[in-house]
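Report on the following structure.
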Amino acid sequence: MSTALIIVDIQNDYFPNGKMELVNPDKAAENAAKVLEWFRENDKENIFHVQHIAADPALGFFLPDTDGAEIHETVQPLENESLIIKHFPNSFLQTDLEKKLRENGVTEIVVVGMMTHMCIDATVRAAVDLGFETTLIEDACATRDVSYGGKDVPAEQVHYAFVGALNGMYCAVTSTEDFLQ
């Protein structure tokens with residue numbers, strides 16, 4: 001079995017002074033960088049960086065040709081690593097990610113990135129639906145506070161609600177420390 005790392009949307013707009021700041025993106029990016037380094041040392045051909053570029057300017061962030069849309073310095077791709085451009089939360093939708101994974105014989109994926117409640121959730125669920133055995137490294141992910149109907153939900157609760165819903169039925173959830181051991 002071949003394993004791939006998929007780094008989803010760790011982009012400048014999610015960091016302080018970005019157009020869509022998350023809660024604790026630096027810590028998540030640091031953990032993602034540790035996982036990336038492990039893959040670079042152990043499995044160089046199967047690293048996939050996913051970059052969201054807004055197809056509609058109304059999104060307000062990840063706008064084409066802006067610094068905010070650039071991949072954050074902590075997880076910059078190397079020349080030999082794949083870069084997948086997407087326009088939807090699901091990293092597989094209308095991209096060649098699945099094709100590249102299958103061409104490389106990948107059957108297992110490890111997912112890190114941002115935002116837990118949006119692109120991470122959509123990507124993990126799609127990966128499982130496509131038959132990939134999936135691991136989510138939860139502390140290498142970040143999200144933000146959300147609200148609906150006058151109810152505010154802090155980022156930590158959003159994160160753990162989505163991680164908890166994915167754990168077991170959709171994927172194995174682990175921490176950076178446990179994954180690296």
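Convention: chains lettered A, B, ... in structure tokens order; per-chain residue numbering from 1; ligands numbered from 1 as shown.
Non-sequential neighbours of Leu166 (chain A) (distance at most 12 Å, separation of 2 or more positions within a chain, only C-alpha atoms) are Thr116, His117, Ile120, Asp121, Ala122, Thr123, Val124, Arg125, Ala126, Ala127, Val128, Thr134, Thr135, Leu136, Ile137, Glu138, His159, Tyr160, Ala161, Phe162, Val163, Gly164, Gly168, Met169, Tyr170, Cys171, Ala172, Val173 and Thr174 of chain A.
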TODO: Just the residues within 12 Å of region 88-95 of chain A, please, counting only C-alpha atoms, with nothing from its chain fewer than 2 positions along; format it as a PyMOL selection string.
DONE: chain A and resi 6-9+48-56+59+62+83-86+97-101+111+113-130+132
Open item on the list: I'd like the contact shell of Val35 (chain A) - 12 Å cut-off, only C-alpha atoms, skipping same-chain residues fewer than 6 positions apart - returned as a ChimeraX atom specification.
Closed with: /A:4-7,28-29,41-43,47,74-75,110-113,136-141,174-181
Write out as JSON lines a residue-level contact list of region 65-135 of chain A versus region 17-20 of chain A with cut-off 10 Å: for each qualifying residue the closest pair of atoms and the distance in Å to one decimal, counting only C-alpha atoms, rows sorted by chain and residue number upward.
{"residue": "A:Asp67", "atom": "CA", "partner": "A:Gly18", "partner_atom": "CA", "distance": 9.1}
{"residue": "A:Gly68", "atom": "CA", "partner": "A:Gly18", "partner_atom": "CA", "distance": 6.3}
{"residue": "A:Ala69", "atom": "CA", "partner": "A:Gly18", "partner_atom": "CA", "distance": 9.5}
Restricting it to N, CA and C atoms, dump the selection as a PDB file, in the first residue's frame.
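Produced file part07.pdb, reproduced below:
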ATOM      1  N   ASP A  67      -1.480  37.810  -2.510  1.00  0.00           N
ATOM      2  CA  ASP A  67      -0.639  37.194  -1.489  1.00  0.00           C
ATOM      3  C   ASP A  67      -1.470  36.265  -0.599  1.00  0.00           C
ATOM      4  N   GLY A  68      -2.703  36.635  -0.340  1.00  0.00           N
ATOM      5  CA  GLY A  68      -3.566  35.824   0.519  1.00  0.00           C
ATOM      6  C   GLY A  68      -3.829  34.435  -0.022  1.00  0.00           C
ATOM      7  N   ALA A  69      -3.804  34.281  -1.326  1.00  0.00           N
ATOM      8  CA  ALA A  69      -4.050  32.976  -1.946  1.00  0.00           C
ATOM      9  C   ALA A  69      -2.804  32.097  -1.966  1.00  0.00           C
TER      10      ALA A  69
END
Task: Counting only C-alpha atoms, the residue of A:Gln157, A:Thr66, A:Thr107, A:Ser2 that sits nearest Thr143 (chain A) - done: A:Gln157
- [ ] Once DSSP has gone over the backbone, tell me which residues of region 39-176 of chain A are in strand (DSSP E or B), as a VMD selection string.
- [x] chain A and resid 47 to 52 71 82 to 86 106 to 114 133 to 143 146 to 148 151 to 153 167 171 to 174
TODO: In Å, rounded to a single decimal, give me how far CA of Glu70 (chain A) is from CA of Asn12 (chain A).
DONE: 5.9 Å
TODO: Looking only at helix (DSSP H, G or I) from DSSP on the backbone, list the matching residues of chain A as a ChimeraX atom specification.
DONE: /A:12-14,25-42,57-59,67-69,73-75,97-103,116-129,155-166,176-180
Task: CA of Pro154 (chain A) to CA of Val23 (chain A), distance in Å rounded to a single decimal - done: 9.2 Å
